[in-house]
There are 2 protein chains.
Amino acid sequence: MELEALLRESSTKILLLVIDGLGGFADADHGTELEDASTPNLDALAGEGILGLLDPVAAGITPGSGPGHLALFGYDPLEHRLGRGVLTAAGIGVDLQPGDVAARGNLCRLADDGTVADRRAGRLADDVARELVRRASDAVDVDGVGVEIHHVKGHRVLVVLRGDLDPRVGDTDPHRTGVPPNDPTARVDEAEPTAAAVGALLRQVRDALAGEEANGLLLRGFEGHCTLPSMTERFGLRAAAVAGYPMYRGVAELVGMDVQRVSESLEDACGLAEQAWADHDFVFVHHKDADRAGEDGDRPAKEQAIADVDAIVPRLRALEPDVIAVSGDHSTPSQLAAHSWHPVPTLVWNGTERDEHERFGERWCRTGALGRRPTIELMPMLLAMAGRLDKYGA
Amino acid sequence: MELEALLRESSTKILLLVIDGLGGFADADHGTELEDASTPNLDALAGEGILGLLDPVAAGITPGSGPGHLALFGYDPLEHRLGRGVLTAAGIGVDLQPGDVAARGNLCRLADDGTVADRRAGRLADDVARELVRRASDAVDVDGVGVEIHHVKGHRVLVVLRGDLDPRVGDTDPHRTGVPPNDPTARVDEAEPTAAAVGALLRQVRDALAGEEANGLLLRGFEGHCTLPSMTERFGLRAAAVAGYPMYRGVAELVGMDVQRVSESLEDACGLAEQAWADHDFVFVHHKDADRAGEDGDRPAKEQAIADVDAIVPRLRALEPDVIAVSGDHSTPSQLAAHSWHPVPTLVWNGTERDEHERFGERWCRTGALGRRPTIELMPMLLAMAGRLDKYGA
């Protein structure tokens with residue numbers, strides 16, 4: 001249900017700590033990574049709070065980071081479909097307007113016969129890639145369309161076309177080597193001008209980078225502009241985000257959070273959370289490492305990443321939030337070395353309510369007082385526990 | 001899904017015992033009130049039945065008594081929004097017709113300068129208030145509109161305007177003292193005649209009660225008529241309600257139950273349930289005290305109220321219901337001294353099915369065989385367990 005009509009003025013503050021890819025599953029040899037990690041501070045918080053399991057999207061559905069975070073922020077991930085391009089654009093501070101089209105891209109290496117030799121051009125160093133992007137950008141000039149090429153990280157770039165354009169164009173990235181890039185193809189007639197502009201742009205980039213370490217560009221995931229109602233409009237919250245990665249800053253930006261750039265250091269994250277604390281009602285702190293380790297299939301590293309986040313819990317508790325939630329955007333079991341559909345262990349603390357569990361982990365979350373529920377229900381629960389919702393009905 | 005097509009003739013009987021505000025939460029010092037209360041009879045019933053947790057409206061939503069009871073009776077509380085005036089009217093046996101408008105009101109004390117001195121006129125005794133209401137009623141005569149002023153309890157009254165009226169009029173109750181009452185204001189043009197009638201009525205009441213202990217009337221929550229399909233239509237049940245409070249009788253009346261007035265005594269409630277038993281398939285017994293104690297923040301009193309209801313369980317079981325459900329319309333944790341969003345512990349017994357739990361309380365309900373589900377699913381479960389639903393599909 002819509003909560004706007006029930007929102008109540010309050011000075012309470014909510015902290016949401018997201019351990020990316022937190023969830024996992026037990027097997028014959030191990031508990032889950034969270035169960036086996038050393039987490040004295042999270043266990044103490046679990047002992048004073050309540051546990052549950054959250055399902056980000058739907059049964060059996062493995063969420064990307066976009067839907068996972070949207071659900072945590074109280075937005076229906078089936079209603080709001082955010083492409084990675086839109087998220088990346090928002091994350092690096094590129095504002096998409098109606099009529100603009102964004103696509104993610106790789107700087108790649110093309111062989112002399114025009115086929116793709118290396119989709120990532122040897123995973124370029126940032127400074128090399130940045131210089132190549134600058135040269136490509138300077139060379140590009142497409143009639144009637146504004147073209148921006150933004151360096152994101154390593155070989156990864158974001159291309160933005162500005163005009164009155166339709167995004168329904170197929171990927172030029174063939175997603176394998178030994179074949180030529182796909183020609184940009186309009187999937188509907190309205191997207192013909194977009195496809196033509198993309199074709200011109202790719203030819204010009206190729207000319208500009210001829211002979212370089214990376215000499216071509218592969219584009220995928222063409223997307224248009226998108227708007228979401230802000231967390232202030234929907235939940236009455238002045239929200240801040242502390243995240244090291246552009247994509248997480250991106251989704252936070254799209255829901256109207258004040259976004260704090262941060263390195264990947266947990267120390268820096270704590271510092272920014274402390275700075276944001278006074279002027280915000282809701283602070284979202286994101287940490288990436290557990291997901292990365294899970295995707296690498298590296299169980300010890302995932303356990304260590306979780307333990308590292310555990311170590312900053314006392315510093316975050318010192319901010320004296322009224323409500324603390326610790327969860328993840330999805331699960332990344334190290335056995336699968338990939339995101340998965342498993343529910344996400346979740347801990348909520350408000351200083352009074354507790355269940356009988358004394359440790360944070362999936363097996364205890366299954367029978368915790370928070371219950372098992374769709375992730376999108378977390379935000380109403382946090383608002384309720386923070387005293388920010390009035391009674392419904394007489 | 002709609003159940004009409006699956007309803008089966010049956011002589012089985014269902015008892016629904018509602019302990020208002022039953023649910024709570026554990027904290028560092030206590031279990032929930034239900035966990036800690038002395039409930040040997042409910043525990044015995046739990047040992048022979050199944051447990052679960054019901055969510056009345058939605059995650060994080062704190063229900064009023066109207067939505068909470070509608071959900072227990074199998075009606076979607078988001079689809080049917082009942083105001084307190086409508087519920088109170090139904091509860092005191094006042095039938096609202098299309099075009100009628102009802103408002104709740106307080107007999108109040110106005111100072112000589114016309115400002116509100118006491119919104120409740122010193123919480124009038126029933127007999128004094130009844131006499132003042134009679135005098136005000138006799139004095140009021142509004143052209144073209146039928147006006148009724150009904151005494152409800154203490155200083156509380158219900159005003160009904162009969163005609164072809166629109167209820168979209170703002171409260172005249174300023175909800176504080178030291179300021180004059182608000183003029184009745186139409187929020188839409190169609191409600192101008194209502195506002196004019198209310199203005200005339202309030203002036204006449206003030207004249208009639210000049211110099212009295214209560215010398216004015218404050219009105220709030222103007223509402224129109226509302227209809228719901230009956231439980232007979234929807235579930236094939238001849239239903240009876242046994243409730244001490246007008247509002248609970250009101251919601252029962254609106255879903256077509258035969259409503260038995262009762263004092264707040266549990267003895268009387270048992271007697272009326274026994275009288276209603278032969279001619280009804282579904283008997284709803286409501287008891288208020290646990291909610292009242294919860295709202296007072298009085299944990300021992302809430303535990304005692306639950307224990308008091310426990311004591312009548314043997315007498316109700318002696319009626320030999322085929323299915324017994326014990327639940328609440330919402331939770332009222334004594335720590336919050338208010339209704340809350342917490343799920344409601346629920347016990348269902350049908351003489352055969354059981355889970356492993358031997359006590360009735362939230363911590364056991366979390367893992368009971370009834371599961372955790374929206375309250376609106378209780379009624380189909382009771383019908384199924386009472387053998388009143390056919391198979392769906394071949």
# chains A, B, ... in the order shown; residues from 1 in each chain; ligands from 1
>>> interface_residues(of="chain B", to="chain A", cutoff="6 Å", atoms="only C-alpha atoms", output="list in words")
Ala26, Asp27, Ala59, Gly60, Thr62, Pro63, Gly64, Gly66, Gly83 and Arg84 of chain B
>>> write_last_selection(atoms="all heavy atoms", output="PDB file, in the first residue's frame")
ATOM      1  N   ALA B  26       8.686  -9.409  22.355  1.00  0.00           N
ATOM      2  CA  ALA B  26       9.602  -9.656  23.468  1.00  0.00           C
ATOM      3  C   ALA B  26      10.655  -8.558  23.522  1.00  0.00           C
ATOM      4  O   ALA B  26      10.966  -7.933  22.506  1.00  0.00           O
ATOM      5  CB  ALA B  26      10.272 -11.012  23.283  1.00  0.00           C
ATOM      6  N   ASP B  27      11.168  -8.306  24.691  1.00  0.00           N
ATOM      7  CA  ASP B  27      12.277  -7.361  24.824  1.00  0.00           C
ATOM      8  C   ASP B  27      13.322  -7.961  25.763  1.00  0.00           C
ATOM      9  O   ASP B  27      13.278  -9.164  26.059  1.00  0.00           O
ATOM     10  CB  ASP B  27      11.766  -5.984  25.291  1.00  0.00           C
ATOM     11  CG  ASP B  27      11.065  -6.050  26.645  1.00  0.00           C
ATOM     12  OD1 ASP B  27      11.372  -6.965  27.457  1.00  0.00           O
ATOM     13  OD2 ASP B  27      10.204  -5.186  26.891  1.00  0.00           O
ATOM     14  N   ALA B  59       2.899  -4.983   5.623  1.00  0.00           N
ATOM     15  CA  ALA B  59       4.135  -4.831   6.378  1.00  0.00           C
ATOM     16  C   ALA B  59       4.253  -3.430   6.952  1.00  0.00           C
ATOM     17  O   ALA B  59       4.093  -2.445   6.243  1.00  0.00           O
ATOM     18  CB  ALA B  59       5.332  -5.116   5.483  1.00  0.00           C
ATOM     19  N   GLY B  60       4.523  -3.347   8.232  1.00  0.00           N
ATOM     20  CA  GLY B  60       4.764  -2.062   8.871  1.00  0.00           C
ATOM     21  C   GLY B  60       3.511  -1.253   9.162  1.00  0.00           C
ATOM     22  O   GLY B  60       3.601  -0.183   9.743  1.00  0.00           O
ATOM     23  N   THR B  62       0.161  -0.321  11.000  1.00  0.00           N
ATOM     24  CA  THR B  62      -0.545  -0.476  12.262  1.00  0.00           C
ATOM     25  C   THR B  62      -2.035  -0.323  11.994  1.00  0.00           C
ATOM     26  O   THR B  62      -2.477   0.743  11.570  1.00  0.00           O
ATOM     27  CB  THR B  62      -0.077   0.621  13.239  1.00  0.00           C
ATOM     28  OG1 THR B  62       1.294   0.388  13.555  1.00  0.00           O
ATOM     29  CG2 THR B  62      -0.911   0.609  14.508  1.00  0.00           C
ATOM     30  N   PRO B  63      -2.819  -1.379  12.195  1.00  0.00           N
ATOM     31  CA  PRO B  63      -4.238  -1.286  11.847  1.00  0.00           C
ATOM     32  C   PRO B  63      -5.070  -0.676  12.964  1.00  0.00           C
ATOM     33  O   PRO B  63      -4.820  -0.915  14.147  1.00  0.00           O
ATOM     34  CB  PRO B  63      -4.665  -2.743  11.651  1.00  0.00           C
ATOM     35  CG  PRO B  63      -3.534  -3.584  12.099  1.00  0.00           C
ATOM     36  CD  PRO B  63      -2.456  -2.723  12.649  1.00  0.00           C
ATOM     37  N   GLY B  64      -6.062   0.119  12.572  1.00  0.00           N
ATOM     38  CA  GLY B  64      -7.137   0.430  13.485  1.00  0.00           C
ATOM     39  C   GLY B  64      -7.998  -0.810  13.672  1.00  0.00           C
ATOM     40  O   GLY B  64      -7.802  -1.833  13.012  1.00  0.00           O
ATOM     41  N   GLY B  66     -11.081  -1.281  12.879  1.00  0.00           N
ATOM     42  CA  GLY B  66     -11.918  -1.569  11.717  1.00  0.00           C
ATOM     43  C   GLY B  66     -11.207  -2.471  10.728  1.00  0.00           C
ATOM     44  O   GLY B  66     -11.670  -3.591  10.458  1.00  0.00           O
ATOM     45  N   GLY B  83     -14.829   4.234   8.073  1.00  0.00           N
ATOM     46  CA  GLY B  83     -14.550   5.247   9.082  1.00  0.00           C
ATOM     47  C   GLY B  83     -15.157   4.860  10.415  1.00  0.00           C
ATOM     48  O   GLY B  83     -16.044   4.003  10.506  1.00  0.00           O
ATOM     49  N   ARG B  84     -14.676   5.507  11.450  1.00  0.00           N
ATOM     50  CA  ARG B  84     -15.146   5.199  12.789  1.00  0.00           C
ATOM     51  C   ARG B  84     -16.614   5.589  12.974  1.00  0.00           C
ATOM     52  O   ARG B  84     -17.346   4.954  13.726  1.00  0.00           O
ATOM     53  CB  ARG B  84     -14.270   5.943  13.791  1.00  0.00           C
ATOM     54  CG  ARG B  84     -14.286   5.345  15.147  1.00  0.00           C
ATOM     55  CD  ARG B  84     -13.048   5.729  15.933  1.00  0.00           C
ATOM     56  NE  ARG B  84     -13.095   5.127  17.233  1.00  0.00           N
ATOM     57  CZ  ARG B  84     -12.085   4.471  17.789  1.00  0.00           C
ATOM     58  NH1 ARG B  84     -10.970   4.338  17.116  1.00  0.00           N
ATOM     59  NH2 ARG B  84     -12.198   3.960  18.986  1.00  0.00           N
TER      60      ARG B  84
END
>>> residues_around(residues="stretch 137-147 of chain A", least_positions_apart="5", cutoff="8 Å", atoms="only C-alpha atoms", output="list of chain:residue names")
A:Val159, A:Val160, A:Leu161, A:Arg162, A:Gly163, A:Ala197, A:Ala200, A:Leu201, A:Gln204, A:Val205, A:Ala208
>>> select_by_dssp(residues="stretch 154-352 of chain B", states="strand (DSSP E or B)", output="ChimeraX atom specification")
/B:156-162,169,186,216-224,239-243,258-261,282-287,323-327,331,340,344-349
>>> residues_around(residues="B:Glu212", least_positions_apart="6", cutoff="12 Å", atoms="only C-alpha atoms", output="ChimeraX atom specification")
/B:107-111,121,124,128-129,131-133,135-136,205-206
>>> select_by_dssp(residues="stretch 27-104 of chain A", states="alpha helix (DSSP H)", output="number ranges by chain")
A: 33-36, 40-47, 65-72, 84-91
>>> residues_around(residues="B:Val313", least_positions_apart="5", cutoff="10 Å", atoms="only C-alpha atoms", output="PyMOL selection string")
chain B and resi 17+39-42+45+270+308+318+326
>>> atom_distance(atom1="atom CA of A:Glu192", atom2="atom CA of A:Leu165")
9.0 Å
>>> closest_residue(among="A:Gly93, A:Gly224, A:Gly23, A:Gly170", to="A:Arg81", atoms="only C-alpha atoms")
A:Gly224
>>> residues_around(residues="A:Val169", least_positions_apart="2", cutoff="9 Å", atoms="only C-alpha atoms", output="PyMOL selection string")
chain A and resi 166-167+171-172+184-188+191-192+194-195+220-223
>>> write_last_selection(atoms="all heavy atoms", output="CSV table (one decimal), in the first residue's frame")
chain,number,residue,atom,x,y,z
A,166,ASP,N,15.4,7.2,-29.6
A,166,ASP,CA,14.8,6.0,-29.0
A,166,ASP,C,15.8,5.0,-28.7
A,166,ASP,O,16.7,4.7,-29.6
A,166,ASP,CB,13.8,5.5,-30.1
A,166,ASP,CG,12.9,4.3,-29.6
A,166,ASP,OD1,13.5,3.3,-29.2
A,166,ASP,OD2,11.7,4.5,-29.5
A,167,PRO,N,15.8,4.4,-27.6
A,167,PRO,CA,16.9,3.5,-27.2
A,167,PRO,C,16.8,2.0,-27.7
A,167,PRO,O,17.7,1.2,-27.4
A,167,PRO,CB,16.8,3.4,-25.6
A,167,PRO,CG,15.3,3.6,-25.4
A,167,PRO,CD,14.8,4.5,-26.5
A,171,ASP,N,22.6,-4.6,-29.2
A,171,ASP,CA,24.0,-4.5,-28.8
A,171,ASP,C,24.9,-4.6,-30.0
A,171,ASP,O,24.7,-5.4,-30.9
A,171,ASP,CB,24.3,-5.7,-27.9
A,171,ASP,CG,23.7,-5.6,-26.5
A,171,ASP,OD1,22.9,-4.6,-26.3
A,171,ASP,OD2,23.8,-6.5,-25.7
A,172,THR,N,26.0,-3.8,-30.0
A,172,THR,CA,27.0,-4.1,-31.0
A,172,THR,C,28.1,-5.0,-30.5
A,172,THR,O,28.9,-5.6,-31.2
A,172,THR,CB,27.7,-2.7,-31.4
A,172,THR,OG1,28.6,-2.3,-30.4
A,172,THR,CG2,26.7,-1.7,-31.8
A,184,PRO,N,25.0,-1.8,-35.5
A,184,PRO,CA,23.9,-1.3,-34.7
A,184,PRO,C,22.6,-1.4,-35.5
A,184,PRO,O,22.5,-0.9,-36.6
A,184,PRO,CB,24.2,0.1,-34.4
A,184,PRO,CG,25.2,0.5,-35.4
A,184,PRO,CD,25.9,-0.7,-35.8
A,185,THR,N,21.6,-2.1,-34.9
A,185,THR,CA,20.3,-2.4,-35.6
A,185,THR,C,19.1,-1.8,-34.8
A,185,THR,O,19.0,-2.1,-33.6
A,185,THR,CB,20.1,-3.9,-35.7
A,185,THR,OG1,21.3,-4.5,-36.2
A,185,THR,CG2,19.0,-4.2,-36.7
A,186,ALA,N,18.3,-1.1,-35.4
A,186,ALA,CA,17.1,-0.6,-34.8
A,186,ALA,C,16.1,-1.7,-34.6
A,186,ALA,O,15.8,-2.4,-35.6
A,186,ALA,CB,16.5,0.6,-35.6
A,187,ARG,N,15.6,-1.9,-33.4
A,187,ARG,CA,14.6,-3.0,-33.3
A,187,ARG,C,13.2,-2.5,-33.6
A,187,ARG,O,12.2,-3.2,-33.8
A,187,ARG,CB,14.6,-3.5,-31.8
A,187,ARG,CG,15.9,-4.2,-31.5
A,187,ARG,CD,15.7,-5.2,-30.3
A,187,ARG,NE,15.3,-4.5,-29.1
A,187,ARG,CZ,16.0,-4.1,-28.1
A,187,ARG,NH1,17.3,-4.3,-28.2
A,187,ARG,NH2,15.5,-3.5,-27.1
A,188,VAL,N,13.0,-1.2,-33.7
A,188,VAL,CA,11.7,-0.5,-34.1
A,188,VAL,C,12.1,0.6,-35.0
A,188,VAL,O,13.2,1.2,-34.9
A,188,VAL,CB,10.9,0.0,-32.9
A,188,VAL,CG1,10.4,-1.2,-32.1
A,188,VAL,CG2,11.7,1.0,-32.1
A,191,ALA,N,13.7,3.9,-33.8
A,191,ALA,CA,15.1,3.9,-33.4
A,191,ALA,C,16.1,4.0,-34.5
A,191,ALA,O,17.4,3.9,-34.2
A,191,ALA,CB,15.4,2.6,-32.5
A,192,GLU,N,15.7,4.1,-35.7
A,192,GLU,CA,16.6,4.2,-36.9
A,192,GLU,C,17.6,5.3,-36.7
A,192,GLU,O,18.8,5.1,-36.9
A,192,GLU,CB,15.8,4.4,-38.2
A,192,GLU,CG,15.1,3.1,-38.7
A,192,GLU,CD,16.0,2.0,-39.1
A,192,GLU,OE1,17.2,2.1,-39.1
A,192,GLU,OE2,15.4,0.9,-39.4
A,194,THR,N,18.8,6.6,-34.0
A,194,THR,CA,19.8,6.2,-33.0
A,194,THR,C,20.8,5.2,-33.6
A,194,THR,O,22.0,5.4,-33.4
A,194,THR,CB,19.0,5.5,-31.8
A,194,THR,OG1,17.9,6.2,-31.4
A,194,THR,CG2,20.0,5.4,-30.6
A,195,ALA,N,20.3,4.2,-34.3
A,195,ALA,CA,21.2,3.2,-34.9
A,195,ALA,C,22.2,3.9,-35.8
A,195,ALA,O,23.4,3.6,-35.9
A,195,ALA,CB,20.4,2.2,-35.6
A,220,ARG,N,26.6,-2.1,-25.5
A,220,ARG,CA,25.5,-3.0,-25.1
A,220,ARG,C,24.6,-2.3,-24.1
A,220,ARG,O,24.9,-1.3,-23.5
A,220,ARG,CB,26.1,-4.2,-24.4
A,220,ARG,CG,26.8,-4.0,-23.1
A,220,ARG,CD,27.5,-5.3,-22.7
A,220,ARG,NE,28.1,-5.1,-21.4
A,220,ARG,CZ,29.3,-4.5,-21.2
A,220,ARG,NH1,30.0,-4.0,-22.2
A,220,ARG,NH2,29.8,-4.4,-20.0
A,221,GLY,N,23.3,-2.7,-24.1
A,221,GLY,CA,22.4,-2.2,-23.1
A,221,GLY,C,22.0,-0.8,-23.4
A,221,GLY,O,22.1,0.0,-22.5
A,222,PHE,N,21.5,-0.5,-24.6
A,222,PHE,CA,21.0,0.9,-24.9
A,222,PHE,C,19.7,1.2,-24.0
A,222,PHE,O,18.8,0.4,-24.0
A,222,PHE,CB,20.7,1.0,-26.4
A,222,PHE,CG,21.9,1.0,-27.2
A,222,PHE,CD1,22.5,-0.2,-27.7
A,222,PHE,CD2,22.6,2.2,-27.6
A,222,PHE,CE1,23.6,-0.2,-28.4
A,222,PHE,CE2,23.7,2.2,-28.3
A,222,PHE,CZ,24.2,1.0,-28.8
A,223,GLU,N,19.7,2.3,-23.4
A,223,GLU,CA,18.6,2.6,-22.5
A,223,GLU,C,18.3,4.1,-22.6
A,223,GLU,O,19.2,4.9,-22.7
A,223,GLU,CB,18.9,2.3,-21.0
A,223,GLU,CG,19.3,0.9,-20.8
A,223,GLU,CD,20.0,0.8,-19.5
A,223,GLU,OE1,19.7,1.6,-18.5
A,223,GLU,OE2,21.0,0.0,-19.3
>>> closest_residue(among="A:Gly21, A:Asp76, A:Val242, A:Pro181", to="A:Gly271", atoms="only C-alpha atoms")
A:Val242
>>> atom_distance(atom1="atom CA of B:Gln335", atom2="atom CA of A:Val348")
17.5 Å
>>> atom_distance(atom1="atom CA of B:Asp291", atom2="atom CA of B:Ser340")
10.9 Å
>>> decode(residues="stretch 115-145 of chain A", atoms="N, CA and C atoms", output="PDB file, in the first residue's frame")
ATOM      1  N   THR A 115      37.596  -8.528 -36.794  1.00  0.00           N
ATOM      2  CA  THR A 115      36.940  -9.336 -35.762  1.00  0.00           C
ATOM      3  C   THR A 115      37.452  -8.913 -34.375  1.00  0.00           C
ATOM      4  N   VAL A 116      36.690  -9.278 -33.350  1.00  0.00           N
ATOM      5  CA  VAL A 116      37.065  -8.915 -31.983  1.00  0.00           C
ATOM      6  C   VAL A 116      38.170  -9.844 -31.498  1.00  0.00           C
ATOM      7  N   ALA A 117      39.316  -9.263 -31.152  1.00  0.00           N
ATOM      8  CA  ALA A 117      40.429 -10.076 -30.654  1.00  0.00           C
ATOM      9  C   ALA A 117      40.394 -10.167 -29.122  1.00  0.00           C
ATOM     10  N   ASP A 118      40.052  -9.076 -28.470  1.00  0.00           N
ATOM     11  CA  ASP A 118      39.996  -9.063 -26.997  1.00  0.00           C
ATOM     12  C   ASP A 118      38.892  -8.085 -26.593  1.00  0.00           C
ATOM     13  N   ARG A 119      37.838  -8.577 -25.973  1.00  0.00           N
ATOM     14  CA  ARG A 119      36.693  -7.721 -25.655  1.00  0.00           C
ATOM     15  C   ARG A 119      37.058  -6.652 -24.640  1.00  0.00           C
ATOM     16  N   ARG A 120      38.134  -6.852 -23.891  1.00  0.00           N
ATOM     17  CA  ARG A 120      38.484  -5.885 -22.845  1.00  0.00           C
ATOM     18  C   ARG A 120      39.847  -5.243 -23.090  1.00  0.00           C
ATOM     19  N   ALA A 121      40.428  -5.511 -24.263  1.00  0.00           N
ATOM     20  CA  ALA A 121      41.730  -4.920 -24.614  1.00  0.00           C
ATOM     21  C   ALA A 121      42.727  -5.108 -23.485  1.00  0.00           C
ATOM     22  N   GLY A 122      42.817  -6.340 -22.981  1.00  0.00           N
ATOM     23  CA  GLY A 122      43.806  -6.640 -21.924  1.00  0.00           C
ATOM     24  C   GLY A 122      43.509  -5.950 -20.607  1.00  0.00           C
ATOM     25  N   ARG A 123      42.226  -5.641 -20.342  1.00  0.00           N
ATOM     26  CA  ARG A 123      41.847  -4.962 -19.084  1.00  0.00           C
ATOM     27  C   ARG A 123      42.759  -3.753 -18.857  1.00  0.00           C
ATOM     28  N   LEU A 124      42.531  -2.733 -19.643  1.00  0.00           N
ATOM     29  CA  LEU A 124      43.349  -1.516 -19.644  1.00  0.00           C
ATOM     30  C   LEU A 124      43.490  -0.887 -18.259  1.00  0.00           C
ATOM     31  N   ALA A 125      44.623  -0.302 -18.015  1.00  0.00           N
ATOM     32  CA  ALA A 125      44.809   0.515 -16.807  1.00  0.00           C
ATOM     33  C   ALA A 125      43.964   1.782 -16.948  1.00  0.00           C
ATOM     34  N   ASP A 126      43.552   2.306 -15.800  1.00  0.00           N
ATOM     35  CA  ASP A 126      42.663   3.475 -15.816  1.00  0.00           C
ATOM     36  C   ASP A 126      43.267   4.653 -16.581  1.00  0.00           C
ATOM     37  N   ASP A 127      44.556   4.938 -16.371  1.00  0.00           N
ATOM     38  CA  ASP A 127      45.111   6.150 -16.995  1.00  0.00           C
ATOM     39  C   ASP A 127      45.224   5.995 -18.509  1.00  0.00           C
ATOM     40  N   VAL A 128      45.588   4.797 -18.950  1.00  0.00           N
ATOM     41  CA  VAL A 128      45.656   4.534 -20.393  1.00  0.00           C
ATOM     42  C   VAL A 128      44.264   4.676 -21.000  1.00  0.00           C
ATOM     43  N   ALA A 129      43.297   4.045 -20.348  1.00  0.00           N
ATOM     44  CA  ALA A 129      41.925   4.066 -20.872  1.00  0.00           C
ATOM     45  C   ALA A 129      41.397   5.501 -20.914  1.00  0.00           C
ATOM     46  N   ARG A 130      41.690   6.264 -19.867  1.00  0.00           N
ATOM     47  CA  ARG A 130      41.178   7.629 -19.795  1.00  0.00           C
ATOM     48  C   ARG A 130      41.698   8.467 -20.971  1.00  0.00           C
ATOM     49  N   GLU A 131      42.962   8.271 -21.324  1.00  0.00           N
ATOM     50  CA  GLU A 131      43.559   9.009 -22.438  1.00  0.00           C
ATOM     51  C   GLU A 131      42.922   8.586 -23.775  1.00  0.00           C
ATOM     52  N   LEU A 132      42.688   7.289 -23.930  1.00  0.00           N
ATOM     53  CA  LEU A 132      42.065   6.817 -25.180  1.00  0.00           C
ATOM     54  C   LEU A 132      40.637   7.363 -25.297  1.00  0.00           C
ATOM     55  N   VAL A 133      39.922   7.382 -24.170  1.00  0.00           N
ATOM     56  CA  VAL A 133      38.557   7.905 -24.178  1.00  0.00           C
ATOM     57  C   VAL A 133      38.577   9.387 -24.558  1.00  0.00           C
ATOM     58  N   ARG A 134      39.546  10.119 -24.042  1.00  0.00           N
ATOM     59  CA  ARG A 134      39.653  11.540 -24.357  1.00  0.00           C
ATOM     60  C   ARG A 134      39.859  11.725 -25.864  1.00  0.00           C
ATOM     61  N   ARG A 135      40.759  10.922 -26.440  1.00  0.00           N
ATOM     62  CA  ARG A 135      41.031  11.063 -27.876  1.00  0.00           C
ATOM     63  C   ARG A 135      39.802  10.687 -28.697  1.00  0.00           C
ATOM     64  N   ALA A 136      39.161   9.611 -28.308  1.00  0.00           N
ATOM     65  CA  ALA A 136      37.954   9.195 -29.049  1.00  0.00           C
ATOM     66  C   ALA A 136      36.883  10.281 -28.952  1.00  0.00           C
ATOM     67  N   SER A 137      36.713  10.799 -27.763  1.00  0.00           N
ATOM     68  CA  SER A 137      35.713  11.851 -27.530  1.00  0.00           C
ATOM     69  C   SER A 137      35.968  13.062 -28.410  1.00  0.00           C
ATOM     70  N   ASP A 138      37.216  13.488 -28.461  1.00  0.00           N
ATOM     71  CA  ASP A 138      37.564  14.669 -29.251  1.00  0.00           C
ATOM     72  C   ASP A 138      37.281  14.449 -30.742  1.00  0.00           C
ATOM     73  N   ALA A 139      37.418  13.213 -31.184  1.00  0.00           N
ATOM     74  CA  ALA A 139      37.312  12.934 -32.616  1.00  0.00           C
ATOM     75  C   ALA A 139      35.866  12.806 -33.092  1.00  0.00           C
ATOM     76  N   VAL A 140      34.978  12.545 -32.157  1.00  0.00           N
ATOM     77  CA  VAL A 140      33.615  12.185 -32.563  1.00  0.00           C
ATOM     78  C   VAL A 140      32.762  13.421 -32.819  1.00  0.00           C
ATOM     79  N   ASP A 141      32.042  13.413 -33.916  1.00  0.00           N
ATOM     80  CA  ASP A 141      31.143  14.525 -34.253  1.00  0.00           C
ATOM     81  C   ASP A 141      29.996  13.975 -35.099  1.00  0.00           C
ATOM     82  N   VAL A 142      28.855  13.777 -34.499  1.00  0.00           N
ATOM     83  CA  VAL A 142      27.721  13.191 -35.213  1.00  0.00           C
ATOM     84  C   VAL A 142      26.673  14.270 -35.423  1.00  0.00           C
ATOM     85  N   ASP A 143      26.228  14.412 -36.639  1.00  0.00           N
ATOM     86  CA  ASP A 143      25.321  15.494 -37.008  1.00  0.00           C
ATOM     87  C   ASP A 143      24.002  15.427 -36.218  1.00  0.00           C
ATOM     88  N   GLY A 144      23.677  16.466 -35.495  1.00  0.00           N
ATOM     89  CA  GLY A 144      22.374  16.567 -34.827  1.00  0.00           C
ATOM     90  C   GLY A 144      22.265  15.790 -33.531  1.00  0.00           C
ATOM     91  N   VAL A 145      23.343  15.107 -33.132  1.00  0.00           N
ATOM     92  CA  VAL A 145      23.285  14.322 -31.890  1.00  0.00           C
ATOM     93  C   VAL A 145      24.494  14.684 -31.028  1.00  0.00           C
TER      94      VAL A 145
END
